Amino acid sequence: MWPALEGRSSAVDALHAALRIGRELLLTSALVALGGLAVGCVSQEGAPSAAANGSEAAAASATPEAQPSGRPNILIVLVDDMGFSDLGAFGGEIRTPNLDALSQAGLRFTQFHAAPVCAPTRAELMTGLDHHRTGIGNFPELRQDNQKDQPGYEGYLIEEVATLAERLSDAGYSTFMSGKWHLGYDPRANPAVRGFDRSFVLLGGGHNHFGRDPNYSAVIPNAGTVYTEDGERVPTPQPFYSSDYFTRRAIEFLPAKGSGRPFFGYLALTAPHYPLHAPAEDIARYAGRYDAGYEVLREERLARMQALGLVEEGVEAHSPSEPEPWAALSPERRRIEARLMETHAAMVDRIDQNMGRLIDALKERGLYENTIILFFSDNGAEGHRLDRSVIAAEQGKRLLASGDNRLESIGSAASYIWYGSSWAEAATAPSRLYKSFPTEGGTRVPAFLWDPGRVRSGISGQYASVRDVLPTLLDYAGVPIEASVGGRSVRAPQGASIRPWVEDAAREPGVDGIVANGEMFGRLYARRGRMKAVLIPPPTGPGVWQLYDVVADPGEVHDLAASEPETLAALEQQWKRYASENGVVLPTVPGN
């Protein structure tokens with residue numbers, strides 16, 4: 001769902017022309033000022049997060065003194081279903097010192113938008129295109145009969161688009177990936193043939209985080225747990241915990257110290273996506289922390305976000321979608337609910353521990369100083385309950401029943417459970433709803449860009465999108481956006497480089513030029529400037545277009561459809577043009 005920001009295309013074209021002139025020089029230029037400078041990151045067992053302590057010391061120590069030279073290394077770390085305020089530096093109470101230090105030394109985004117769910121976000125990240133133009137118009141696993149065999153709904157990343165890895169590989173970068181792919185099971189879409197020199201990937205959308213998966217393909221078609229290494233199918237390695245193993249492989253794929261080539265690395269963790277699984281020692285760290293309930297956590301996080309300057313003082317938050325007062329729950333239910341959140345927190349904590357390991361490895365190999373790091377979540381927090389799914393409720397019930405979800409088992413490899421809308425909306429507040437919805441709670445994600453030699457530090461409220469990632473990183477790499485990649489013609493990205501305002505706050509374009517549209521599961525949105533229209537069909541929404549001023553009303557609390565019918569009508573027409581241009585095929589049964 002990426003806007004083509006108006007008034008920017010001519011400047012981007014000029015930049016690409018200039019870059020094209022110097023490409024051969026860039027390809028043969030000497031690389032990197034090697035060496036590891038100190039960062040306030042810690043590995044495995046670190047101190048409490050800098051944000052939680054109210055200290056900027058860790059962030060300050062993450063800043064190298066000298067600006068790096070040569071083409072940068074590029075590292076993308078993508079997490080799965082993380083709530084906006086889960087990290088300490090984004091208002092959370094979870095112990096995340098490594099990510100806090102990086103984000104506080106870099107640029108934190110408060111208006112970075114992904115697609116509402118994971119596979120479309122990954123398609124847009126890799127290509128810079130609306131996901132309907134990439135073959136991932138819907139989840140590979142959930143295409144409906146009227147969508148199959150339609151252009152844009154192939155169920156895998158089609159050859160008419162080029163990945164970021166393919167473009168960087170053509171420009172001389174070494175490339176690797178570890179983690180979740182979710183861009184199709186078709187061999188033509190495997191990372192090994194889409195630009196990655198090395199890869200260890202989960203092809204599907206989810207798995208048992210301890211690697212003890214049942215035969216999911218018998219429950220949900222095309223959802224088998226399939227891993228490939230460099231394109232060849234491999235069994236689940238043991239011992240296995242997803243965040244640990246994926247990070248370990250990413251570290252193994254890093255270039256050796258003194259390598260003469262820049263690298264592009266993509267670490268796509270599956271945590272904290274359900275089922276909620278974490279090592280017992282990490283869960284124990286949060287024992288009792290959430291006994292006050294999700295309403296208290298929501299207010300605590302909102303207060304911290306305001307104190308950090310991430311949302312405005314006095315922001316009006318959207319009310320929970322399915323309010324269930326904590327005080328009305330039975331003592332047993334409260335214990336179970338608290339354990340669910342303890343496990344989620346442990347998963348986020350473990351992500352941070354592994355981020356420390358990765359940073360240590362970069363420094364040990366002399367790669368850290370010249371590496372741009374982009375971190376973000378693929379969508380908003382997951383509040384969806386599979387057992388109440390619109391299109392797969394029976395399968396969801398079977399998955400839930402397959403786990404040992406007693407209190408003492410929650411979080412273990414034997415359990416299969418999620419944490420629901422109340423905890424999710426504590427993490428997405430002040431925004432409305434959560435993952436899979438085109439509201440701000442579904443698409444506004446925690447994100448930061450770190451490279452103190454190139455990127456300013458601070459907080460930016462400028463709208464940005466996952467579609468901008470490819471053109472921005474190619475801009476930093478000095479790589480022009482070619483119409484032909486790997487000997488085949490490919491579609492041009494629809495995003496644009498945000499490098500100018502990432503480096504200089506005075507160049508932020510504001511909201512006037514924003515034009516954004518999207519669709520997923522038959523849920524629609526269209527935005528122009530500060531106004532956003534949303535249509536959520538029954539049974540999960542009212543089935544009519546709603547209209548919000550998302551600058552004055554970021555929580556999407558006050559529907560302006562009745563008072564501004566002309567604005568709404570214009571946005572409806574804008575969405576219809578978008579759907580026609582991008583080949584949107586609405587599902588027969590909306591929702592997920």
# chains A, B, ... in the order shown; residues from 1 in each chain; ligands from 1
>>> residues_around(residues="Ala505 of chain A", least_positions_apart="2", cutoff="12 Å", atoms="only C-alpha atoms", output="MDAnalysis selection string")
chainID A and resid 107 455:462 498:503 507:510
>>> write_last_selection(atoms="C-alpha atoms", output="mmCIF file, in the first residue's frame")
data_model
loop_
_atom_site.group_PDB
_atom_site.id
_atom_site.type_symbol
_atom_site.label_atom_id
_atom_site.label_comp_id
_atom_site.auth_asym_id
_atom_site.auth_seq_id
_atom_site.Cartn_x
_atom_site.Cartn_y
_atom_site.Cartn_z
ATOM 1 C CA LEU A 107 15.971 7.477 13.109
ATOM 2 C CA VAL A 455 21.300 8.823 8.731
ATOM 3 C CA ARG A 456 20.213 11.501 11.199
ATOM 4 C CA SER A 457 19.134 10.499 14.682
ATOM 5 C CA GLY A 458 15.814 11.351 16.261
ATOM 6 C CA ILE A 459 12.134 10.687 15.641
ATOM 7 C CA SER A 460 10.311 11.296 12.367
ATOM 8 C CA GLY A 461 6.546 11.519 11.946
ATOM 9 C CA GLN A 462 6.825 11.640 8.147
ATOM 10 C CA ILE A 498 13.259 8.718 1.187
ATOM 11 C CA ARG A 499 16.985 9.366 1.529
ATOM 12 C CA PRO A 500 16.674 13.186 1.278
ATOM 13 C CA TRP A 501 14.540 13.547 4.402
ATOM 14 C CA VAL A 502 16.152 10.635 6.240
ATOM 15 C CA GLU A 503 19.332 12.696 6.132
ATOM 16 C CA ARG A 507 13.403 18.058 3.512
ATOM 17 C CA GLU A 508 10.477 16.089 4.938
ATOM 18 C CA PRO A 509 7.683 16.497 2.361
ATOM 19 C CA GLY A 510 4.844 16.553 4.906
#
>>> select_by_dssp(residues="segment 131-365 of chain A", states="strand (DSSP E)", output="PDB file with all heavy atoms, in the first residue's frame")
ATOM      1  N   SER A 174      27.468  -9.125  -2.475  1.00  0.00           N
ATOM      2  CA  SER A 174      27.172 -10.479  -2.027  1.00  0.00           C
ATOM      3  C   SER A 174      25.855 -10.414  -1.262  1.00  0.00           C
ATOM      4  O   SER A 174      25.535  -9.400  -0.644  1.00  0.00           O
ATOM      5  CB  SER A 174      28.290 -11.032  -1.147  1.00  0.00           C
ATOM      6  OG  SER A 174      28.388 -10.310   0.069  1.00  0.00           O
ATOM      7  N   THR A 175      25.085 -11.492  -1.306  1.00  0.00           N
ATOM      8  CA  THR A 175      23.728 -11.448  -0.761  1.00  0.00           C
ATOM      9  C   THR A 175      23.423 -12.718   0.013  1.00  0.00           C
ATOM     10  O   THR A 175      23.850 -13.810  -0.355  1.00  0.00           O
ATOM     11  CB  THR A 175      22.688 -11.298  -1.886  1.00  0.00           C
ATOM     12  OG1 THR A 175      22.838 -12.389  -2.799  1.00  0.00           O
ATOM     13  CG2 THR A 175      22.869  -9.987  -2.643  1.00  0.00           C
ATOM     14  N   PHE A 176      22.651 -12.574   1.095  1.00  0.00           N
ATOM     15  CA  PHE A 176      22.218 -13.754   1.842  1.00  0.00           C
ATOM     16  C   PHE A 176      20.901 -13.471   2.541  1.00  0.00           C
ATOM     17  O   PHE A 176      20.532 -12.317   2.780  1.00  0.00           O
ATOM     18  CB  PHE A 176      23.270 -14.193   2.867  1.00  0.00           C
ATOM     19  CG  PHE A 176      23.489 -13.234   4.015  1.00  0.00           C
ATOM     20  CD1 PHE A 176      22.670 -13.254   5.142  1.00  0.00           C
ATOM     21  CD2 PHE A 176      24.524 -12.310   3.975  1.00  0.00           C
ATOM     22  CE1 PHE A 176      22.870 -12.376   6.199  1.00  0.00           C
ATOM     23  CE2 PHE A 176      24.739 -11.421   5.025  1.00  0.00           C
ATOM     24  CZ  PHE A 176      23.911 -11.455   6.145  1.00  0.00           C
ATOM     25  N   MET A 177      20.207 -14.542   2.868  1.00  0.00           N
ATOM     26  CA  MET A 177      18.939 -14.439   3.586  1.00  0.00           C
ATOM     27  C   MET A 177      18.813 -15.596   4.552  1.00  0.00           C
ATOM     28  O   MET A 177      19.203 -16.725   4.243  1.00  0.00           O
ATOM     29  CB  MET A 177      17.752 -14.462   2.628  1.00  0.00           C
ATOM     30  CG  MET A 177      16.425 -14.422   3.368  1.00  0.00           C
ATOM     31  SD  MET A 177      14.993 -14.671   2.333  1.00  0.00           S
ATOM     32  CE  MET A 177      13.720 -14.705   3.622  1.00  0.00           C
ATOM     33  N   SER A 178      18.224 -15.318   5.712  1.00  0.00           N
ATOM     34  CA  SER A 178      17.880 -16.355   6.672  1.00  0.00           C
ATOM     35  C   SER A 178      16.534 -16.008   7.287  1.00  0.00           C
ATOM     36  O   SER A 178      16.328 -14.887   7.749  1.00  0.00           O
ATOM     37  CB  SER A 178      18.956 -16.443   7.764  1.00  0.00           C
ATOM     38  OG  SER A 178      18.635 -17.447   8.708  1.00  0.00           O
ATOM     39  N   GLY A 179      15.606 -16.984   7.294  1.00  0.00           N
ATOM     40  CA  GLY A 179      14.318 -16.745   7.938  1.00  0.00           C
ATOM     41  C   GLY A 179      13.135 -17.022   7.033  1.00  0.00           C
ATOM     42  O   GLY A 179      13.179 -17.854   6.130  1.00  0.00           O
ATOM     43  N   LYS A 180      12.079 -16.288   7.277  1.00  0.00           N
ATOM     44  CA  LYS A 180      10.788 -16.519   6.615  1.00  0.00           C
ATOM     45  C   LYS A 180      10.737 -15.837   5.257  1.00  0.00           C
ATOM     46  O   LYS A 180      10.935 -14.625   5.152  1.00  0.00           O
ATOM     47  CB  LYS A 180       9.667 -16.008   7.528  1.00  0.00           C
ATOM     48  CG  LYS A 180       8.272 -16.050   6.927  1.00  0.00           C
ATOM     49  CD  LYS A 180       7.260 -15.610   7.962  1.00  0.00           C
ATOM     50  CE  LYS A 180       5.902 -15.295   7.377  1.00  0.00           C
ATOM     51  NZ  LYS A 180       4.912 -14.927   8.405  1.00  0.00           N
ATOM     52  N   ARG A 198      23.354 -17.085  -0.737  1.00  0.00           N
ATOM     53  CA  ARG A 198      23.161 -18.080   0.313  1.00  0.00           C
ATOM     54  C   ARG A 198      21.798 -17.854   0.957  1.00  0.00           C
ATOM     55  O   ARG A 198      21.370 -16.701   1.125  1.00  0.00           O
ATOM     56  CB  ARG A 198      24.244 -17.983   1.407  1.00  0.00           C
ATOM     57  CG  ARG A 198      25.669 -18.237   0.946  1.00  0.00           C
ATOM     58  CD  ARG A 198      25.867 -19.631   0.359  1.00  0.00           C
ATOM     59  NE  ARG A 198      25.251 -20.718   1.106  1.00  0.00           N
ATOM     60  CZ  ARG A 198      25.799 -21.317   2.186  1.00  0.00           C
ATOM     61  NH1 ARG A 198      26.979 -20.907   2.643  1.00  0.00           N
ATOM     62  NH2 ARG A 198      25.186 -22.321   2.780  1.00  0.00           N
ATOM     63  N   SER A 199      21.146 -18.951   1.340  1.00  0.00           N
ATOM     64  CA  SER A 199      19.836 -18.791   1.982  1.00  0.00           C
ATOM     65  C   SER A 199      19.496 -20.023   2.792  1.00  0.00           C
ATOM     66  O   SER A 199      19.789 -21.154   2.392  1.00  0.00           O
ATOM     67  CB  SER A 199      18.732 -18.544   0.946  1.00  0.00           C
ATOM     68  OG  SER A 199      18.640 -19.623   0.020  1.00  0.00           O
ATOM     69  N   PHE A 200      18.888 -19.786   3.942  1.00  0.00           N
ATOM     70  CA  PHE A 200      18.183 -20.820   4.696  1.00  0.00           C
ATOM     71  C   PHE A 200      16.834 -20.221   5.037  1.00  0.00           C
ATOM     72  O   PHE A 200      16.753 -19.215   5.762  1.00  0.00           O
ATOM     73  CB  PHE A 200      18.909 -21.223   5.986  1.00  0.00           C
ATOM     74  CG  PHE A 200      18.144 -22.273   6.757  1.00  0.00           C
ATOM     75  CD1 PHE A 200      18.352 -23.615   6.492  1.00  0.00           C
ATOM     76  CD2 PHE A 200      17.176 -21.921   7.693  1.00  0.00           C
ATOM     77  CE1 PHE A 200      17.619 -24.594   7.157  1.00  0.00           C
ATOM     78  CE2 PHE A 200      16.435 -22.888   8.354  1.00  0.00           C
ATOM     79  CZ  PHE A 200      16.662 -24.228   8.088  1.00  0.00           C
ATOM     80  N   VAL A 201      15.753 -20.814   4.507  1.00  0.00           N
ATOM     81  CA  VAL A 201      14.450 -20.150   4.623  1.00  0.00           C
ATOM     82  C   VAL A 201      13.327 -21.118   4.945  1.00  0.00           C
ATOM     83  O   VAL A 201      13.350 -22.295   4.586  1.00  0.00           O
ATOM     84  CB  VAL A 201      14.087 -19.393   3.322  1.00  0.00           C
ATOM     85  CG1 VAL A 201      15.064 -18.261   3.061  1.00  0.00           C
ATOM     86  CG2 VAL A 201      14.030 -20.325   2.127  1.00  0.00           C
ATOM     87  N   LEU A 202      12.342 -20.575   5.639  1.00  0.00           N
ATOM     88  CA  LEU A 202      11.018 -21.177   5.788  1.00  0.00           C
ATOM     89  C   LEU A 202      10.179 -20.629   4.645  1.00  0.00           C
ATOM     90  O   LEU A 202       9.987 -19.415   4.530  1.00  0.00           O
ATOM     91  CB  LEU A 202      10.411 -20.785   7.136  1.00  0.00           C
ATOM     92  CG  LEU A 202       8.934 -21.119   7.342  1.00  0.00           C
ATOM     93  CD1 LEU A 202       8.728 -22.623   7.477  1.00  0.00           C
ATOM     94  CD2 LEU A 202       8.378 -20.387   8.567  1.00  0.00           C
ATOM     95  N   TYR A 227      11.408 -26.069   4.674  1.00  0.00           N
ATOM     96  CA  TYR A 227      12.639 -25.293   4.745  1.00  0.00           C
ATOM     97  C   TYR A 227      13.495 -25.643   3.534  1.00  0.00           C
ATOM     98  O   TYR A 227      13.558 -26.811   3.114  1.00  0.00           O
ATOM     99  CB  TYR A 227      13.443 -25.624   6.011  1.00  0.00           C
ATOM    100  CG  TYR A 227      12.729 -25.314   7.307  1.00  0.00           C
ATOM    101  CD1 TYR A 227      11.957 -26.283   7.946  1.00  0.00           C
ATOM    102  CD2 TYR A 227      12.834 -24.053   7.890  1.00  0.00           C
ATOM    103  CE1 TYR A 227      11.312 -26.006   9.140  1.00  0.00           C
ATOM    104  CE2 TYR A 227      12.187 -23.772   9.084  1.00  0.00           C
ATOM    105  CZ  TYR A 227      11.431 -24.751   9.702  1.00  0.00           C
ATOM    106  OH  TYR A 227      10.786 -24.475  10.882  1.00  0.00           O
ATOM    107  N   THR A 228      14.186 -24.642   2.984  1.00  0.00           N
ATOM    108  CA  THR A 228      15.170 -24.904   1.943  1.00  0.00           C
ATOM    109  C   THR A 228      16.475 -24.207   2.282  1.00  0.00           C
ATOM    110  O   THR A 228      16.473 -23.128   2.891  1.00  0.00           O
ATOM    111  CB  THR A 228      14.711 -24.442   0.544  1.00  0.00           C
ATOM    112  OG1 THR A 228      14.581 -23.012   0.513  1.00  0.00           O
ATOM    113  CG2 THR A 228      13.387 -25.081   0.160  1.00  0.00           C
ATOM    114  N   GLU A 229      17.567 -24.841   1.894  1.00  0.00           N
ATOM    115  CA  GLU A 229      18.890 -24.238   2.030  1.00  0.00           C
ATOM    116  C   GLU A 229      19.501 -24.148   0.642  1.00  0.00           C
ATOM    117  O   GLU A 229      19.672 -25.170  -0.044  1.00  0.00           O
ATOM    118  CB  GLU A 229      19.782 -25.056   2.950  1.00  0.00           C
ATOM    119  CG  GLU A 229      21.161 -24.439   3.144  1.00  0.00           C
ATOM    120  CD  GLU A 229      21.950 -25.037   4.283  1.00  0.00           C
ATOM    121  OE1 GLU A 229      21.390 -25.876   5.026  1.00  0.00           O
ATOM    122  OE2 GLU A 229      23.128 -24.657   4.442  1.00  0.00           O
ATOM    123  N   GLU A 232      17.539 -26.082  -1.960  1.00  0.00           N
ATOM    124  CA  GLU A 232      17.266 -27.503  -1.773  1.00  0.00           C
ATOM    125  C   GLU A 232      16.485 -27.730  -0.484  1.00  0.00           C
ATOM    126  O   GLU A 232      16.834 -27.180   0.568  1.00  0.00           O
ATOM    127  CB  GLU A 232      18.563 -28.296  -1.719  1.00  0.00           C
ATOM    128  CG  GLU A 232      19.395 -28.203  -2.991  1.00  0.00           C
ATOM    129  CD  GLU A 232      18.707 -28.829  -4.190  1.00  0.00           C
ATOM    130  OE1 GLU A 232      17.980 -29.839  -3.979  1.00  0.00           O
ATOM    131  OE2 GLU A 232      18.863 -28.316  -5.316  1.00  0.00           O
ATOM    132  N   ARG A 233      15.447 -28.568  -0.553  1.00  0.00           N
ATOM    133  CA  ARG A 233      14.658 -28.829   0.639  1.00  0.00           C
ATOM    134  C   ARG A 233      15.489 -29.586   1.677  1.00  0.00           C
ATOM    135  O   ARG A 233      16.206 -30.534   1.347  1.00  0.00           O
ATOM    136  CB  ARG A 233      13.408 -29.631   0.294  1.00  0.00           C
ATOM    137  CG  ARG A 233      12.493 -29.862   1.489  1.00  0.00           C
ATOM    138  CD  ARG A 233      11.124 -30.323   1.079  1.00  0.00           C
ATOM    139  NE  ARG A 233      10.268 -30.513   2.247  1.00  0.00           N
ATOM    140  CZ  ARG A 233       8.958 -30.749   2.193  1.00  0.00           C
ATOM    141  NH1 ARG A 233       8.348 -30.817   1.013  1.00  0.00           N
ATOM    142  NH2 ARG A 233       8.254 -30.901   3.291  1.00  0.00           N
ATOM    143  N   VAL A 234      15.364 -29.157   2.944  1.00  0.00           N
ATOM    144  CA  VAL A 234      16.107 -29.778   4.031  1.00  0.00           C
ATOM    145  C   VAL A 234      15.159 -30.029   5.200  1.00  0.00           C
ATOM    146  O   VAL A 234      14.148 -29.341   5.351  1.00  0.00           O
ATOM    147  CB  VAL A 234      17.287 -28.889   4.504  1.00  0.00           C
ATOM    148  CG1 VAL A 234      18.342 -28.766   3.416  1.00  0.00           C
ATOM    149  CG2 VAL A 234      16.797 -27.504   4.939  1.00  0.00           C
ATOM    150  N   PHE A 263      27.937  -6.287   1.305  1.00  0.00           N
ATOM    151  CA  PHE A 263      26.923  -7.332   1.368  1.00  0.00           C
ATOM    152  C   PHE A 263      25.544  -6.748   1.599  1.00  0.00           C
ATOM    153  O   PHE A 263      25.379  -5.667   2.160  1.00  0.00           O
ATOM    154  CB  PHE A 263      27.250  -8.349   2.472  1.00  0.00           C
ATOM    155  CG  PHE A 263      26.974  -7.865   3.885  1.00  0.00           C
ATOM    156  CD1 PHE A 263      25.698  -7.924   4.443  1.00  0.00           C
ATOM    157  CD2 PHE A 263      28.005  -7.347   4.665  1.00  0.00           C
ATOM    158  CE1 PHE A 263      25.442  -7.481   5.736  1.00  0.00           C
ATOM    159  CE2 PHE A 263      27.762  -6.899   5.971  1.00  0.00           C
ATOM    160  CZ  PHE A 263      26.477  -6.969   6.498  1.00  0.00           C
ATOM    161  N   PHE A 264      24.548  -7.516   1.153  1.00  0.00           N
ATOM    162  CA  PHE A 264      23.148  -7.284   1.505  1.00  0.00           C
ATOM    163  C   PHE A 264      22.668  -8.513   2.260  1.00  0.00           C
ATOM    164  O   PHE A 264      22.693  -9.629   1.724  1.00  0.00           O
ATOM    165  CB  PHE A 264      22.280  -7.059   0.275  1.00  0.00           C
ATOM    166  CG  PHE A 264      20.796  -7.184   0.542  1.00  0.00           C
ATOM    167  CD1 PHE A 264      20.192  -6.463   1.570  1.00  0.00           C
ATOM    168  CD2 PHE A 264      19.998  -8.032  -0.217  1.00  0.00           C
ATOM    169  CE1 PHE A 264      18.828  -6.592   1.831  1.00  0.00           C
ATOM    170  CE2 PHE A 264      18.629  -8.160   0.026  1.00  0.00           C
ATOM    171  CZ  PHE A 264      18.054  -7.438   1.051  1.00  0.00           C
ATOM    172  N   GLY A 265      22.252  -8.328   3.500  1.00  0.00           N
ATOM    173  CA  GLY A 265      21.721  -9.403   4.308  1.00  0.00           C
ATOM    174  C   GLY A 265      20.282  -9.147   4.695  1.00  0.00           C
ATOM    175  O   GLY A 265      19.898  -7.999   4.977  1.00  0.00           O
ATOM    176  N   TYR A 266      19.485 -10.193   4.714  1.00  0.00           N
ATOM    177  CA  TYR A 266      18.060 -10.109   5.048  1.00  0.00           C
ATOM    178  C   TYR A 266      17.758 -11.184   6.083  1.00  0.00           C
ATOM    179  O   TYR A 266      17.771 -12.372   5.783  1.00  0.00           O
ATOM    180  CB  TYR A 266      17.239 -10.308   3.777  1.00  0.00           C
ATOM    181  CG  TYR A 266      15.735 -10.357   3.918  1.00  0.00           C
ATOM    182  CD1 TYR A 266      15.062  -9.651   4.909  1.00  0.00           C
ATOM    183  CD2 TYR A 266      14.974 -11.106   3.016  1.00  0.00           C
ATOM    184  CE1 TYR A 266      13.679  -9.703   5.003  1.00  0.00           C
ATOM    185  CE2 TYR A 266      13.590 -11.161   3.092  1.00  0.00           C
ATOM    186  CZ  TYR A 266      12.946 -10.458   4.091  1.00  0.00           C
ATOM    187  OH  TYR A 266      11.568 -10.507   4.187  1.00  0.00           O
ATOM    188  N   LEU A 267      17.549 -10.749   7.329  1.00  0.00           N
ATOM    189  CA  LEU A 267      17.196 -11.648   8.423  1.00  0.00           C
ATOM    190  C   LEU A 267      15.717 -11.459   8.716  1.00  0.00           C
ATOM    191  O   LEU A 267      15.305 -10.397   9.192  1.00  0.00           O
ATOM    192  CB  LEU A 267      18.038 -11.346   9.660  1.00  0.00           C
ATOM    193  CG  LEU A 267      17.681 -12.126  10.937  1.00  0.00           C
ATOM    194  CD1 LEU A 267      17.785 -13.627  10.722  1.00  0.00           C
ATOM    195  CD2 LEU A 267      18.552 -11.668  12.100  1.00  0.00           C
ATOM    196  N   ALA A 268      14.914 -12.473   8.403  1.00  0.00           N
ATOM    197  CA  ALA A 268      13.453 -12.384   8.532  1.00  0.00           C
ATOM    198  C   ALA A 268      12.996 -13.349   9.618  1.00  0.00           C
ATOM    199  O   ALA A 268      12.699 -14.515   9.355  1.00  0.00           O
ATOM    200  CB  ALA A 268      12.784 -12.705   7.197  1.00  0.00           C
TER     201      ALA A 268
END
>>> closest_residue(among="A:Leu254, A:Ile372, A:Ala401, A:Ala114", to="Ser436 of chain A", atoms="only C-alpha atoms")
A:Ala114
>>> residues_around(residues="Gly495 of chain A", least_positions_apart="6", cutoff="6 Å", atoms="only C-alpha atoms", output="MDAnalysis selection string")
chainID A and resid 128 467:468
>>> write_last_selection(atoms="N, CA, C and O atoms", output="tab-separated table (two decimals), in the first residue's frame")
chain	number	residue	atom	x	y	z
A	128	GLY	N	9.42	-3.20	-4.24
A	128	GLY	CA	9.02	-1.81	-4.32
A	128	GLY	C	7.70	-1.60	-5.03
A	128	GLY	O	7.34	-0.47	-5.37
A	467	ARG	N	7.21	0.10	0.53
A	467	ARG	CA	7.55	0.18	-0.89
A	467	ARG	C	8.72	1.12	-1.16
A	467	ARG	O	9.35	1.05	-2.21
A	468	ASP	N	9.00	1.98	-0.21
A	468	ASP	CA	10.13	2.90	-0.37
A	468	ASP	C	11.46	2.26	-0.05
A	468	ASP	O	12.51	2.84	-0.32
>>> select_by_dssp(residues="segment 358-422 of chain A", states="alpha helix (DSSP H)", output="PyMOL selection string")
chain A and resi 358-364+393-401+420-422
>>> write_last_selection(atoms="N, CA and C atoms", output="short mmCIF file (atom, residue, chain, number, x, y, z; two decimals), in the first residue's frame")
data_model
loop_
_atom_site.label_atom_id
_atom_site.label_comp_id
_atom_site.auth_asym_id
_atom_site.auth_seq_id
_atom_site.Cartn_x
_atom_site.Cartn_y
_atom_site.Cartn_z
N LEU A 358 24.17 -10.68 16.59
CA LEU A 358 24.43 -10.26 15.21
C LEU A 358 25.32 -9.01 15.18
N ILE A 359 25.04 -8.06 16.05
CA ILE A 359 25.87 -6.85 16.11
C ILE A 359 27.30 -7.22 16.50
N ASP A 360 27.45 -8.09 17.48
CA ASP A 360 28.79 -8.53 17.87
C ASP A 360 29.54 -9.15 16.69
N ALA A 361 28.83 -9.96 15.89
CA ALA A 361 29.47 -10.61 14.74
C ALA A 361 29.89 -9.59 13.69
N LEU A 362 29.05 -8.59 13.46
CA LEU A 362 29.41 -7.53 12.52
C LEU A 362 30.67 -6.81 12.97
N LYS A 363 30.75 -6.51 14.25
CA LYS A 363 31.92 -5.80 14.76
C LYS A 363 33.17 -6.67 14.70
N GLU A 364 33.04 -7.93 15.05
CA GLU A 364 34.20 -8.84 15.03
C GLU A 364 34.78 -8.97 13.63
N ALA A 393 -12.23 -21.20 10.17
CA ALA A 393 -12.44 -21.39 11.61
C ALA A 393 -12.23 -22.84 12.04
N GLU A 394 -12.69 -23.80 11.23
CA GLU A 394 -12.54 -25.20 11.62
C GLU A 394 -11.07 -25.61 11.68
N GLN A 395 -10.29 -25.12 10.70
CA GLN A 395 -8.86 -25.42 10.72
C GLN A 395 -8.21 -24.78 11.94
N GLY A 396 -8.64 -23.56 12.26
CA GLY A 396 -8.10 -22.88 13.43
C GLY A 396 -8.41 -23.62 14.72
N LYS A 397 -9.62 -24.14 14.82
CA LYS A 397 -10.00 -24.90 16.01
C LYS A 397 -9.15 -26.17 16.13
N ARG A 398 -8.86 -26.78 15.00
CA ARG A 398 -8.05 -28.00 15.03
C ARG A 398 -6.61 -27.68 15.46
N LEU A 399 -6.09 -26.56 14.98
CA LEU A 399 -4.74 -26.18 15.40
C LEU A 399 -4.70 -25.88 16.90
N LEU A 400 -5.71 -25.16 17.39
CA LEU A 400 -5.78 -24.86 18.81
C LEU A 400 -5.88 -26.14 19.63
N ALA A 401 -6.70 -27.07 19.16
CA ALA A 401 -6.89 -28.32 19.88
C ALA A 401 -5.66 -29.22 19.82
N GLY A 420 -4.54 -12.87 21.35
CA GLY A 420 -5.83 -12.21 21.20
C GLY A 420 -5.80 -10.70 21.09
N SER A 421 -6.97 -10.13 20.88
CA SER A 421 -7.09 -8.71 20.54
C SER A 421 -6.79 -7.77 21.70
N SER A 422 -7.07 -8.16 22.93
CA SER A 422 -6.88 -7.23 24.05
C SER A 422 -5.42 -6.89 24.26
#
>>> residues_around(residues="Thr443 of chain A", least_positions_apart="5", cutoff="6 Å", atoms="only C-alpha atoms", output="NGL selection string")
:A and (113-116 or 379-380)
>>> write_last_selection(atoms="N, CA, C and O atoms", output="compact mmCIF listing (two decimals), in the first residue's frame")
# COMPACT_ATOMS: atom_id res chain seq x y z
N HIS A 113 4.66 2.54 7.31
CA HIS A 113 3.52 1.66 7.05
C HIS A 113 3.92 0.46 6.22
O HIS A 113 4.61 0.57 5.20
N ALA A 114 3.45 -0.69 6.67
CA ALA A 114 3.58 -1.94 5.93
C ALA A 114 2.20 -2.31 5.37
O ALA A 114 1.22 -1.60 5.59
N ALA A 115 2.13 -3.42 4.64
CA ALA A 115 0.83 -3.98 4.29
C ALA A 115 0.19 -4.56 5.55
O ALA A 115 0.87 -4.76 6.56
N PRO A 116 -1.11 -4.86 5.53
CA PRO A 116 -1.77 -5.33 6.76
C PRO A 116 -1.33 -6.72 7.21
O PRO A 116 -1.60 -7.09 8.36
N ASN A 379 3.83 -6.11 9.95
CA ASN A 379 2.45 -5.60 10.08
C ASN A 379 2.23 -5.31 11.55
O ASN A 379 3.13 -5.46 12.38
N GLY A 380 1.02 -4.90 11.90
CA GLY A 380 0.71 -4.62 13.29
C GLY A 380 0.61 -5.89 14.13
O GLY A 380 0.73 -7.01 13.62
>>> residues_around(residues="Leu433 of chain A", least_positions_apart="4", cutoff="8 Å", atoms="only C-alpha atoms", output="list in words")
Pro320, Ser321, Glu425, Thr428, Phe437, Thr439, Glu440, Gly441 and Gly442 of chain A
>>> atom_distance(atom1="atom CA of Ser415 of chain A", atom2="atom CA of Pro275 of chain A")
7.5 Å
>>> residues_around(residues="Tyr419 of chain A", least_positions_apart="2", cutoff="8 Å", atoms="only C-alpha atoms", output="JSON, numbers by chain")
{"A": [276, 337, 340, 341, 344, 382, 383, 417, 421, 422, 423, 424]}
